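Q: Got a structure for you, query27.txt, holding compact mmCIF, N, CA and C atoms.
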```txt
# COMPACT_ATOMS: atom_id res chain seq x y z
N PRO I 1 -26.27 29.99 -41.96
CA PRO I 1 -25.22 29.97 -42.97
C PRO I 1 -25.78 30.00 -44.40
N ASN I 2 -26.87 29.28 -44.70
CA ASN I 2 -27.43 29.29 -46.04
C ASN I 2 -28.08 30.63 -46.38
N ASP I 3 -28.37 31.43 -45.35
CA ASP I 3 -29.02 32.71 -45.57
C ASP I 3 -28.02 33.81 -45.94
N TYR I 4 -26.74 33.55 -45.79
CA TYR I 4 -25.72 34.52 -46.14
C TYR I 4 -25.19 34.20 -47.53
N GLN I 5 -25.07 35.21 -48.36
CA GLN I 5 -24.56 35.01 -49.70
C GLN I 5 -23.53 36.07 -50.01
N CYS I 6 -22.59 35.73 -50.88
CA CYS I 6 -21.59 36.68 -51.33
C CYS I 6 -22.09 37.34 -52.61
N CYS I 7 -21.65 38.55 -52.84
CA CYS I 7 -21.94 39.21 -54.11
C CYS I 7 -21.38 38.31 -55.22
N PHE I 8 -22.05 38.28 -56.36
CA PHE I 8 -21.66 37.38 -57.45
C PHE I 8 -20.56 37.95 -58.34
N THR I 9 -20.16 39.20 -58.09
CA THR I 9 -19.05 39.78 -58.83
C THR I 9 -17.76 39.18 -58.28
N ALA I 10 -16.92 38.69 -59.17
CA ALA I 10 -15.72 37.94 -58.76
C ALA I 10 -14.81 38.70 -57.80
N ASP I 11 -14.58 39.97 -58.04
CA ASP I 11 -13.64 40.71 -57.20
C ASP I 11 -14.32 41.54 -56.10
N CYS I 12 -15.59 41.28 -55.83
CA CYS I 12 -16.31 42.00 -54.77
C CYS I 12 -16.42 41.09 -53.55
N ASN I 13 -16.16 41.63 -52.37
CA ASN I 13 -16.17 40.83 -51.14
C ASN I 13 -17.41 41.05 -50.28
N PHE I 14 -18.43 41.71 -50.83
CA PHE I 14 -19.61 42.03 -50.03
C PHE I 14 -20.41 40.76 -49.72
N ILE I 15 -20.80 40.61 -48.45
CA ILE I 15 -21.63 39.48 -48.01
C ILE I 15 -22.93 40.07 -47.50
N PHE I 16 -24.03 39.43 -47.85
CA PHE I 16 -25.34 39.93 -47.45
C PHE I 16 -26.22 38.81 -46.91
N PHE I 17 -27.22 39.21 -46.15
CA PHE I 17 -28.19 38.27 -45.59
C PHE I 17 -29.40 38.23 -46.51
N LYS I 18 -29.82 37.05 -46.89
CA LYS I 18 -30.96 36.87 -47.78
C LYS I 18 -32.07 36.16 -47.02
N SER I 19 -33.20 36.84 -46.87
CA SER I 19 -34.34 36.19 -46.24
C SER I 19 -35.36 35.83 -47.31
N PRO I 20 -36.24 34.86 -47.05
CA PRO I 20 -37.23 34.44 -48.05
C PRO I 20 -38.17 35.57 -48.50
N GLU I 21 -38.34 36.59 -47.69
CA GLU I 21 -39.23 37.69 -48.04
C GLU I 21 -38.59 38.70 -48.99
N ASP I 22 -37.28 38.66 -49.14
CA ASP I 22 -36.58 39.62 -50.00
C ASP I 22 -36.94 39.40 -51.46
N PRO I 23 -36.87 40.47 -52.27
CA PRO I 23 -37.11 40.31 -53.71
C PRO I 23 -36.01 39.46 -54.33
N ILE I 24 -36.25 38.99 -55.56
CA ILE I 24 -35.26 38.12 -56.20
C ILE I 24 -34.08 38.89 -56.76
N HIS I 25 -34.19 40.21 -56.87
CA HIS I 25 -33.04 40.97 -57.37
C HIS I 25 -32.30 41.64 -56.22
N PHE I 26 -31.02 41.83 -56.42
CA PHE I 26 -30.16 42.39 -55.40
C PHE I 26 -29.17 43.34 -56.08
N THR I 27 -29.03 44.55 -55.56
CA THR I 27 -28.03 45.49 -56.05
C THR I 27 -26.96 45.61 -54.98
N CYS I 28 -25.76 45.23 -55.31
CA CYS I 28 -24.65 45.26 -54.35
C CYS I 28 -24.29 46.71 -54.03
N PRO I 29 -24.24 47.05 -52.75
CA PRO I 29 -23.88 48.42 -52.38
C PRO I 29 -22.41 48.76 -52.63
N MET I 30 -21.57 47.73 -52.80
CA MET I 30 -20.14 47.98 -53.02
C MET I 30 -19.82 48.13 -54.51
N CYS I 31 -20.20 47.15 -55.32
CA CYS I 31 -19.84 47.18 -56.75
C CYS I 31 -20.95 47.75 -57.62
N LYS I 32 -22.15 47.94 -57.03
CA LYS I 32 -23.30 48.56 -57.70
C LYS I 32 -23.90 47.73 -58.83
N LYS I 33 -23.56 46.44 -58.89
CA LYS I 33 -24.13 45.58 -59.93
C LYS I 33 -25.40 44.93 -59.41
N LYS I 34 -26.36 44.70 -60.33
CA LYS I 34 -27.66 44.14 -59.97
C LYS I 34 -27.71 42.67 -60.40
N TYR I 35 -28.11 41.81 -59.46
CA TYR I 35 -28.13 40.37 -59.72
C TYR I 35 -29.47 39.75 -59.38
N CYS I 36 -29.74 38.60 -60.01
CA CYS I 36 -30.88 37.76 -59.64
C CYS I 36 -30.36 36.77 -58.60
N ILE I 37 -30.97 36.78 -57.44
CA ILE I 37 -30.55 35.90 -56.35
C ILE I 37 -30.82 34.43 -56.70
N VAL I 38 -31.92 34.17 -57.40
CA VAL I 38 -32.30 32.79 -57.73
C VAL I 38 -31.36 32.19 -58.77
N CYS I 39 -31.12 32.93 -59.87
CA CYS I 39 -30.29 32.43 -60.97
C CYS I 39 -28.80 32.66 -60.77
N LYS I 40 -28.47 33.57 -59.82
CA LYS I 40 -27.07 33.90 -59.53
C LYS I 40 -26.34 34.43 -60.76
N VAL I 41 -27.03 35.34 -61.47
CA VAL I 41 -26.47 36.00 -62.65
C VAL I 41 -26.90 37.46 -62.63
N ALA I 42 -26.36 38.25 -63.58
CA ALA I 42 -26.83 39.63 -63.72
C ALA I 42 -28.35 39.60 -63.89
N PHE I 43 -29.03 40.54 -63.24
CA PHE I 43 -30.49 40.51 -63.22
C PHE I 43 -31.05 40.56 -64.63
N HIS I 44 -31.94 39.65 -64.92
CA HIS I 44 -32.57 39.51 -66.23
C HIS I 44 -33.87 40.31 -66.27
N GLU I 45 -33.70 41.61 -66.47
CA GLU I 45 -34.83 42.55 -66.50
C GLU I 45 -35.84 42.12 -67.55
N GLY I 46 -37.10 42.05 -67.15
CA GLY I 46 -38.17 41.72 -68.09
C GLY I 46 -38.42 40.24 -68.28
N LEU I 47 -37.63 39.38 -67.66
CA LEU I 47 -37.83 37.93 -67.77
C LEU I 47 -37.97 37.33 -66.39
N THR I 48 -38.91 36.42 -66.23
CA THR I 48 -38.98 35.66 -64.99
C THR I 48 -37.77 34.73 -64.97
N CYS I 49 -37.50 34.13 -63.84
CA CYS I 49 -36.38 33.19 -63.76
C CYS I 49 -36.60 32.01 -64.71
N THR I 50 -37.83 31.52 -64.78
CA THR I 50 -38.15 30.40 -65.68
C THR I 50 -37.90 30.79 -67.13
N ALA I 51 -38.37 31.97 -67.53
CA ALA I 51 -38.18 32.42 -68.90
C ALA I 51 -36.69 32.62 -69.20
N TYR I 52 -35.95 33.20 -68.25
CA TYR I 52 -34.52 33.41 -68.43
C TYR I 52 -33.80 32.07 -68.61
N GLN I 53 -34.13 31.10 -67.76
CA GLN I 53 -33.47 29.80 -67.82
C GLN I 53 -33.80 29.07 -69.13
N LYS I 54 -35.04 29.22 -69.59
CA LYS I 54 -35.41 28.61 -70.88
C LYS I 54 -34.65 29.28 -72.02
N LYS I 55 -34.51 30.61 -71.95
CA LYS I 55 -33.76 31.32 -72.98
C LYS I 55 -32.31 30.89 -72.97
N GLN I 56 -31.72 30.73 -71.78
CA GLN I 56 -30.33 30.29 -71.68
C GLN I 56 -30.16 28.89 -72.26
N SER I 57 -31.12 28.01 -71.98
CA SER I 57 -31.06 26.65 -72.54
C SER I 57 -31.13 26.69 -74.06
N PHE I 58 -32.00 27.56 -74.56
CA PHE I 58 -32.16 27.71 -76.00
C PHE I 58 -30.86 28.25 -76.62
N MET I 59 -30.25 29.25 -75.99
CA MET I 59 -29.00 29.82 -76.49
C MET I 59 -27.88 28.78 -76.45
N SER I 60 -27.86 27.97 -75.40
CA SER I 60 -26.86 26.90 -75.29
C SER I 60 -27.04 25.89 -76.42
N TYR I 61 -28.29 25.58 -76.72
CA TYR I 61 -28.61 24.67 -77.82
C TYR I 61 -28.09 25.24 -79.15
N LEU I 62 -28.33 26.54 -79.38
CA LEU I 62 -27.84 27.18 -80.62
C LEU I 62 -26.32 27.15 -80.68
N HIS I 63 -25.68 27.37 -79.52
CA HIS I 63 -24.21 27.34 -79.49
C HIS I 63 -23.69 25.95 -79.82
N LYS I 64 -24.41 24.92 -79.37
CA LYS I 64 -23.99 23.54 -79.69
C LYS I 64 -24.11 23.27 -81.18
N LEU I 65 -25.08 23.91 -81.84
CA LEU I 65 -25.22 23.74 -83.29
C LEU I 65 -24.05 24.39 -84.04
N HIS I 66 -23.50 25.47 -83.48
CA HIS I 66 -22.41 26.22 -84.11
C HIS I 66 -21.30 26.46 -83.10
N PRO I 67 -20.63 25.39 -82.62
CA PRO I 67 -19.64 25.54 -81.54
C PRO I 67 -18.41 26.34 -81.93
N ASN I 68 -18.05 26.38 -83.20
CA ASN I 68 -16.83 27.08 -83.61
C ASN I 68 -17.09 28.50 -84.08
N ALA I 69 -18.31 28.96 -83.92
CA ALA I 69 -18.64 30.31 -84.36
C ALA I 69 -17.91 31.33 -83.49
N SER I 70 -17.42 32.37 -84.11
CA SER I 70 -16.71 33.42 -83.36
C SER I 70 -17.71 34.34 -82.68
N VAL I 71 -17.20 35.20 -81.81
CA VAL I 71 -18.06 36.15 -81.11
C VAL I 71 -18.78 37.03 -82.12
N SER I 72 -18.07 37.48 -83.17
CA SER I 72 -18.71 38.35 -84.16
C SER I 72 -19.83 37.62 -84.89
N THR I 73 -19.66 36.32 -85.12
CA THR I 73 -20.72 35.53 -85.75
C THR I 73 -21.93 35.47 -84.85
N HIS I 74 -21.69 35.28 -83.52
CA HIS I 74 -22.81 35.24 -82.58
C HIS I 74 -23.51 36.58 -82.51
N VAL I 75 -22.76 37.67 -82.62
CA VAL I 75 -23.38 38.99 -82.60
C VAL I 75 -24.26 39.16 -83.82
N LYS I 76 -23.77 38.73 -84.99
CA LYS I 76 -24.56 38.83 -86.21
C LYS I 76 -25.83 37.99 -86.12
N HIS I 77 -25.75 36.84 -85.47
CA HIS I 77 -26.90 35.95 -85.38
C HIS I 77 -27.78 36.23 -84.17
N LYS I 78 -27.37 37.20 -83.35
CA LYS I 78 -28.15 37.50 -82.15
C LYS I 78 -29.58 37.88 -82.50
N SER I 79 -29.76 38.69 -83.53
CA SER I 79 -31.12 39.07 -83.90
C SER I 79 -31.91 37.85 -84.38
N ILE I 80 -31.25 36.92 -85.04
CA ILE I 80 -31.92 35.69 -85.47
C ILE I 80 -32.29 34.86 -84.25
N GLU I 81 -31.37 34.76 -83.28
CA GLU I 81 -31.65 34.03 -82.05
C GLU I 81 -32.81 34.69 -81.30
N ASP I 82 -32.81 36.02 -81.24
CA ASP I 82 -33.90 36.72 -80.56
C ASP I 82 -35.23 36.46 -81.26
N GLN I 83 -35.21 36.46 -82.60
CA GLN I 83 -36.44 36.18 -83.35
C GLN I 83 -36.92 34.76 -83.07
N MET I 84 -36.00 33.81 -83.03
CA MET I 84 -36.38 32.42 -82.75
C MET I 84 -36.91 32.28 -81.33
N PHE I 85 -36.30 33.01 -80.38
CA PHE I 85 -36.77 32.97 -79.00
C PHE I 85 -38.17 33.57 -78.91
N LYS I 86 -38.41 34.69 -79.58
CA LYS I 86 -39.74 35.30 -79.58
C LYS I 86 -40.77 34.36 -80.21
N ARG I 87 -40.39 33.66 -81.26
CA ARG I 87 -41.28 32.69 -81.89
C ARG I 87 -41.61 31.55 -80.91
N MET I 88 -40.58 31.10 -80.17
CA MET I 88 -40.79 30.04 -79.19
C MET I 88 -41.74 30.53 -78.09
N ILE I 89 -41.57 31.77 -77.64
CA ILE I 89 -42.44 32.32 -76.60
C ILE I 89 -43.87 32.43 -77.10
N SER I 90 -44.04 32.91 -78.33
CA SER I 90 -45.40 33.10 -78.85
C SER I 90 -46.13 31.78 -79.02
N SER I 91 -45.39 30.69 -79.18
CA SER I 91 -46.04 29.38 -79.32
C SER I 91 -46.21 28.67 -77.98
N SER I 92 -45.82 29.33 -76.89
CA SER I 92 -45.93 28.73 -75.56
C SER I 92 -47.04 29.39 -74.78
N ARG I 93 -47.07 29.14 -73.49
CA ARG I 93 -48.09 29.72 -72.62
C ARG I 93 -47.60 31.00 -71.97
N TRP I 94 -46.57 31.63 -72.48
CA TRP I 94 -46.03 32.84 -71.90
C TRP I 94 -46.74 34.06 -72.46
N LYS I 95 -46.98 35.02 -71.60
CA LYS I 95 -47.51 36.33 -71.99
C LYS I 95 -46.68 37.36 -71.24
N ARG I 96 -46.79 38.61 -71.64
CA ARG I 96 -46.10 39.69 -70.95
C ARG I 96 -47.06 40.40 -70.02
N CYS I 97 -46.56 40.72 -68.84
CA CYS I 97 -47.32 41.54 -67.90
C CYS I 97 -47.52 42.90 -68.56
N THR I 98 -48.75 43.40 -68.53
CA THR I 98 -49.01 44.68 -69.18
C THR I 98 -48.48 45.85 -68.37
N ALA I 99 -48.07 45.63 -67.14
CA ALA I 99 -47.52 46.71 -66.31
C ALA I 99 -46.00 46.82 -66.45
N CYS I 100 -45.28 45.70 -66.25
CA CYS I 100 -43.81 45.77 -66.24
C CYS I 100 -43.16 45.06 -67.43
N ARG I 101 -43.94 44.38 -68.25
CA ARG I 101 -43.48 43.68 -69.45
C ARG I 101 -42.68 42.40 -69.16
N ALA I 102 -42.66 41.94 -67.92
CA ALA I 102 -42.00 40.67 -67.60
C ALA I 102 -42.82 39.53 -68.19
N PHE I 103 -42.16 38.43 -68.52
CA PHE I 103 -42.87 37.27 -69.02
C PHE I 103 -43.51 36.53 -67.85
N VAL I 104 -44.74 36.09 -68.05
CA VAL I 104 -45.42 35.24 -67.08
C VAL I 104 -45.88 34.00 -67.83
N GLU I 105 -45.93 32.89 -67.13
CA GLU I 105 -46.32 31.63 -67.74
C GLU I 105 -47.52 31.06 -67.01
N LYS I 106 -48.54 30.72 -67.76
CA LYS I 106 -49.72 30.09 -67.18
C LYS I 106 -49.49 28.59 -67.20
N ASN I 107 -49.54 27.99 -66.02
CA ASN I 107 -49.32 26.55 -65.95
C ASN I 107 -50.50 25.81 -65.34
N GLY I 108 -51.66 26.44 -65.40
CA GLY I 108 -52.88 25.81 -64.89
C GLY I 108 -53.75 26.82 -64.20
N GLY I 109 -54.93 26.39 -63.80
CA GLY I 109 -55.83 27.25 -63.05
C GLY I 109 -56.59 28.23 -63.91
N CYS I 110 -57.12 29.25 -63.25
CA CYS I 110 -57.93 30.25 -63.94
C CYS I 110 -57.05 31.23 -64.71
N ASN I 111 -57.66 32.19 -65.35
CA ASN I 111 -56.93 33.17 -66.14
C ASN I 111 -56.47 34.39 -65.34
N HIS I 112 -56.68 34.38 -64.02
CA HIS I 112 -56.24 35.49 -63.17
C HIS I 112 -54.76 35.32 -62.89
N MET I 113 -53.96 36.30 -63.31
CA MET I 113 -52.51 36.23 -63.15
C MET I 113 -52.06 37.30 -62.17
N THR I 114 -51.03 36.98 -61.40
CA THR I 114 -50.38 37.97 -60.55
C THR I 114 -48.90 37.94 -60.90
N CYS I 115 -48.41 39.05 -61.44
CA CYS I 115 -47.01 39.16 -61.84
C CYS I 115 -46.13 39.35 -60.62
N ARG I 116 -44.83 39.13 -60.78
CA ARG I 116 -43.90 39.35 -59.67
C ARG I 116 -43.85 40.82 -59.26
N CYS I 117 -44.29 41.73 -60.15
CA CYS I 117 -44.33 43.15 -59.80
C CYS I 117 -45.57 43.48 -58.97
N GLY I 118 -46.49 42.49 -58.83
CA GLY I 118 -47.69 42.68 -58.03
C GLY I 118 -48.92 43.02 -58.85
N TYR I 119 -48.75 43.31 -60.13
CA TYR I 119 -49.88 43.67 -60.98
C TYR I 119 -50.72 42.42 -61.25
N GLU I 120 -52.04 42.57 -61.15
CA GLU I 120 -52.96 41.47 -61.41
C GLU I 120 -53.70 41.76 -62.71
N PHE I 121 -53.82 40.74 -63.55
CA PHE I 121 -54.47 40.94 -64.85
C PHE I 121 -55.04 39.62 -65.37
N CYS I 122 -55.88 39.76 -66.39
CA CYS I 122 -56.48 38.61 -67.06
C CYS I 122 -55.48 38.07 -68.08
N TYR I 123 -55.23 36.78 -68.06
CA TYR I 123 -54.29 36.15 -68.97
C TYR I 123 -54.76 36.26 -70.42
N VAL I 124 -56.08 36.24 -70.63
CA VAL I 124 -56.62 36.24 -71.98
C VAL I 124 -56.53 37.62 -72.63
N CYS I 125 -57.03 38.66 -71.94
CA CYS I 125 -57.11 39.98 -72.55
C CYS I 125 -56.10 40.98 -72.01
N GLY I 126 -55.47 40.70 -70.86
CA GLY I 126 -54.46 41.59 -70.30
C GLY I 126 -55.00 42.72 -69.45
N LEU I 127 -56.33 42.83 -69.32
CA LEU I 127 -56.91 43.92 -68.54
C LEU I 127 -56.81 43.63 -67.04
N SER I 128 -56.75 44.70 -66.25
CA SER I 128 -56.66 44.53 -64.80
C SER I 128 -57.99 44.10 -64.20
N SER I 129 -59.07 44.36 -64.88
CA SER I 129 -60.39 43.93 -64.43
C SER I 129 -61.13 43.39 -65.64
N CYS I 130 -61.48 42.14 -65.60
CA CYS I 130 -62.07 41.50 -66.77
C CYS I 130 -63.29 40.69 -66.36
N SER I 131 -64.33 40.79 -67.12
CA SER I 131 -65.51 39.96 -66.86
C SER I 131 -65.98 39.26 -68.12
N GLY I 132 -65.36 39.53 -69.25
CA GLY I 132 -65.83 38.98 -70.52
C GLY I 132 -65.14 37.74 -71.00
N CYS I 133 -64.00 37.38 -70.43
CA CYS I 133 -63.25 36.22 -70.92
C CYS I 133 -63.61 34.97 -70.13
N PRO I 134 -63.59 33.79 -70.77
CA PRO I 134 -63.84 32.55 -70.04
C PRO I 134 -62.79 32.37 -68.94
N GLY I 135 -63.24 32.02 -67.75
CA GLY I 135 -62.32 31.83 -66.63
C GLY I 135 -61.72 33.13 -66.17
N SER I 136 -62.44 34.24 -66.38
CA SER I 136 -61.90 35.56 -66.06
C SER I 136 -61.88 35.81 -64.56
N MET I 137 -61.31 36.93 -64.19
CA MET I 137 -61.11 37.28 -62.78
C MET I 137 -62.43 37.49 -62.05
N ASP I 138 -63.48 37.94 -62.74
CA ASP I 138 -64.74 38.23 -62.08
C ASP I 138 -65.71 37.07 -62.09
N ASP I 139 -65.33 35.94 -62.72
CA ASP I 139 -66.20 34.75 -62.71
C ASP I 139 -66.29 34.19 -61.31
N ASP I 140 -67.48 33.76 -60.92
CA ASP I 140 -67.65 33.14 -59.60
C ASP I 140 -67.90 31.67 -59.70
```
Let's see the structure in the file written out as structure tokens.
A:
Amino acid sequence: PNDYQCCFTADCNFIFFKSPEDPIHFTCPMCKKKYCIVCKVAFHEGLTCTAYQKKQSFMSYLHKLHPNASVSTHVKHKSIEDQMFKRMISSSRWKRCTACRAFVEKNGGCNHMTCRCGYEFCYVCGLSSCSGCPGSMDDD
């Protein structure tokens, strides 16, 4: 029962089987919309689930600062919010995968990263094969 999920579009009745080996994104064959299975929202292209959730928390925080702002005000401030989000990312441990541009976060260990797209790279320099950086992929 937990392996069956409904499409997240409100008026779509498609039910699908989700196994642990499936990718985190799902495109409904009936309504043709693409969703993130983990976050249960429209697929957040270019962001890991962690990065997406942090961005949503940040946007919620901004909305709490300006709760009475209209939609047009939020549209005007969207570029400011994006700039603030990019500033937050640059001050964190997040980097972009050089293959698919998704955000990856280093939370310990060596500098060898494996993105959800399967690309492997050095966290420090971004190269697929690195021997010059401390804790690089070729260090033994």
Q: One number please: atom C of Phe16 in chain I to atom C of Tyr4 in chain I, in Å, one decimal.
A: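 Calculated distance between atom C of Phe16 in chain I and atom C of Tyr4 in chain I is 4.8 Å.
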Q: Could you jot down the CA of Ala51 in chain I to CA of Asp11 in chain I separation for me, Å, one decimal place?
A: 28.4 Å
Q: Specify the axis-aligned box that encloses all atoms of range 22-29 of chain I listed in the file after padding of 5 Å on each side, stating its centre and edge lengths in Å to one decimal as lines of an AutoDock Vina configuration file.
A:
```
center_x = -29.8
center_y = 43.4
center_z = -53.3
size_x = 24.9
size_y = 20.6
size_z = 18.2
```
Q: Just the residues within 6.5 Å of range 100-103 of chain I, please, counting all atoms listed in the file, with nothing from its chain fewer than 5 positions along; format it as a VMD selection string.
A: chain I and resid 45 to 48 94 to 95
Q: Dump as a compact mmCIF listing (two decimals) with N, CA and C atoms, in the frame of the given file all residues having an atom at most 8 Å from (-38.6, 36.2, -60.6), computed in the file's coordinates with all atoms listed in the file.
A:
```txt
# COMPACT_ATOMS: atom_id res chain seq x y z
N PRO I 23 -36.87 40.47 -52.27
CA PRO I 23 -37.11 40.31 -53.71
C PRO I 23 -36.01 39.46 -54.33
N ILE I 24 -36.25 38.99 -55.56
CA ILE I 24 -35.26 38.12 -56.20
C ILE I 24 -34.08 38.89 -56.76
N HIS I 25 -34.19 40.21 -56.87
CA HIS I 25 -33.04 40.97 -57.37
C HIS I 25 -32.30 41.64 -56.22
N CYS I 36 -29.74 38.60 -60.01
CA CYS I 36 -30.88 37.76 -59.64
C CYS I 36 -30.36 36.77 -58.60
N VAL I 38 -31.92 34.17 -57.40
CA VAL I 38 -32.30 32.79 -57.73
C VAL I 38 -31.36 32.19 -58.77
N LEU I 47 -37.63 39.38 -67.66
CA LEU I 47 -37.83 37.93 -67.77
C LEU I 47 -37.97 37.33 -66.39
N THR I 48 -38.91 36.42 -66.23
CA THR I 48 -38.98 35.66 -64.99
C THR I 48 -37.77 34.73 -64.97
N CYS I 49 -37.50 34.13 -63.84
CA CYS I 49 -36.38 33.19 -63.76
C CYS I 49 -36.60 32.01 -64.71
N THR I 50 -37.83 31.52 -64.78
CA THR I 50 -38.15 30.40 -65.68
C THR I 50 -37.90 30.79 -67.13
N ARG I 116 -44.83 39.13 -60.78
CA ARG I 116 -43.90 39.35 -59.67
C ARG I 116 -43.85 40.82 -59.26
N CYS I 117 -44.29 41.73 -60.15
CA CYS I 117 -44.33 43.15 -59.80
C CYS I 117 -45.57 43.48 -58.97
```
Q: Any idea what's packed within 8 Å of Tyr119 in chain I, counting only N, CA and C atoms, ignoring anything in its chain fewer than 3 positions away? Could you give it as JSON, numbers by chain?
A: {"I": [97, 98, 99, 100, 113, 114, 115, 116, 122, 128]}
Q: Any idea what the distance is between CA of Phe14 in chain I and CA of Phe26 in chain I?
A: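 Pair CA of Phe14 in chain I / CA of Phe26 in chain I returns 11.8 Å.
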Q: Counting only N, CA and C atoms, what is within 7 Å of Tyr123 in chain I, bar same-chain residues fewer than 4 positions away, as a PyMOL selection string?
A: chain I and resi 110-113+127
Q: Could I get range 95-102 of chain I rebuilt with all heavy atoms, written as an mmCIF file, keeping the file's coordinate frame?
A:
```
data_model
loop_
_atom_site.group_PDB
_atom_site.id
_atom_site.type_symbol
_atom_site.label_atom_id
_atom_site.label_comp_id
_atom_site.auth_asym_id
_atom_site.auth_seq_id
_atom_site.Cartn_x
_atom_site.Cartn_y
_atom_site.Cartn_z
ATOM 1 N N LYS I 95 -46.980 35.020 -71.600
ATOM 2 C CA LYS I 95 -47.510 36.330 -71.990
ATOM 3 C C LYS I 95 -46.680 37.360 -71.240
ATOM 4 O O LYS I 95 -45.984 37.051 -70.293
ATOM 5 C CB LYS I 95 -48.981 36.481 -71.572
ATOM 6 C CG LYS I 95 -49.926 35.473 -72.196
ATOM 7 C CD LYS I 95 -50.580 36.036 -73.407
ATOM 8 C CE LYS I 95 -51.517 35.018 -74.019
ATOM 9 N NZ LYS I 95 -52.763 35.511 -74.409
ATOM 10 N N ARG I 96 -46.790 38.610 -71.640
ATOM 11 C CA ARG I 96 -46.100 39.690 -70.950
ATOM 12 C C ARG I 96 -47.060 40.400 -70.020
ATOM 13 O O ARG I 96 -48.206 40.656 -70.365
ATOM 14 C CB ARG I 96 -45.517 40.696 -71.932
ATOM 15 C CG ARG I 96 -44.264 40.187 -72.610
ATOM 16 C CD ARG I 96 -43.632 41.330 -73.396
ATOM 17 N NE ARG I 96 -42.406 40.922 -74.011
ATOM 18 C CZ ARG I 96 -41.202 41.217 -73.537
ATOM 19 N NH1 ARG I 96 -41.068 41.927 -72.465
ATOM 20 N NH2 ARG I 96 -40.125 40.818 -74.160
ATOM 21 N N CYS I 97 -46.560 40.720 -68.840
ATOM 22 C CA CYS I 97 -47.320 41.540 -67.900
ATOM 23 C C CYS I 97 -47.520 42.900 -68.560
ATOM 24 O O CYS I 97 -46.568 43.483 -69.080
ATOM 25 C CB CYS I 97 -46.551 41.686 -66.587
ATOM 26 S SG CYS I 97 -47.234 42.916 -65.459
ATOM 27 N N THR I 98 -48.750 43.400 -68.530
ATOM 28 C CA THR I 98 -49.010 44.680 -69.180
ATOM 29 C C THR I 98 -48.480 45.850 -68.370
ATOM 30 O O THR I 98 -48.411 46.962 -68.888
ATOM 31 C CB THR I 98 -50.519 44.853 -69.450
ATOM 32 O OG1 THR I 98 -51.239 44.636 -68.239
ATOM 33 C CG2 THR I 98 -51.000 43.851 -70.485
ATOM 34 N N ALA I 99 -48.070 45.630 -67.140
ATOM 35 C CA ALA I 99 -47.520 46.710 -66.310
ATOM 36 C C ALA I 99 -46.000 46.820 -66.450
ATOM 37 O O ALA I 99 -45.475 47.877 -66.756
ATOM 38 C CB ALA I 99 -47.893 46.507 -64.845
ATOM 39 N N CYS I 100 -45.280 45.700 -66.250
ATOM 40 C CA CYS I 100 -43.810 45.770 -66.240
ATOM 41 C C CYS I 100 -43.160 45.060 -67.430
ATOM 42 O O CYS I 100 -41.949 45.096 -67.580
ATOM 43 C CB CYS I 100 -43.269 45.188 -64.930
ATOM 44 S SG CYS I 100 -43.393 43.388 -64.829
ATOM 45 N N ARG I 101 -43.940 44.380 -68.250
ATOM 46 C CA ARG I 101 -43.480 43.680 -69.450
ATOM 47 C C ARG I 101 -42.680 42.400 -69.160
ATOM 48 O O ARG I 101 -42.077 41.828 -70.061
ATOM 49 C CB ARG I 101 -42.660 44.601 -70.369
ATOM 50 C CG ARG I 101 -43.353 45.878 -70.769
ATOM 51 C CD ARG I 101 -44.573 45.700 -71.639
ATOM 52 N NE ARG I 101 -44.232 45.106 -72.904
ATOM 53 C CZ ARG I 101 -45.054 44.345 -73.619
ATOM 54 N NH1 ARG I 101 -46.250 44.095 -73.182
ATOM 55 N NH2 ARG I 101 -44.677 43.827 -74.761
ATOM 56 N N ALA I 102 -42.660 41.940 -67.920
ATOM 57 C CA ALA I 102 -42.000 40.670 -67.600
ATOM 58 C C ALA I 102 -42.820 39.530 -68.190
ATOM 59 O O ALA I 102 -44.038 39.643 -68.361
ATOM 60 C CB ALA I 102 -41.896 40.497 -66.085
#
```
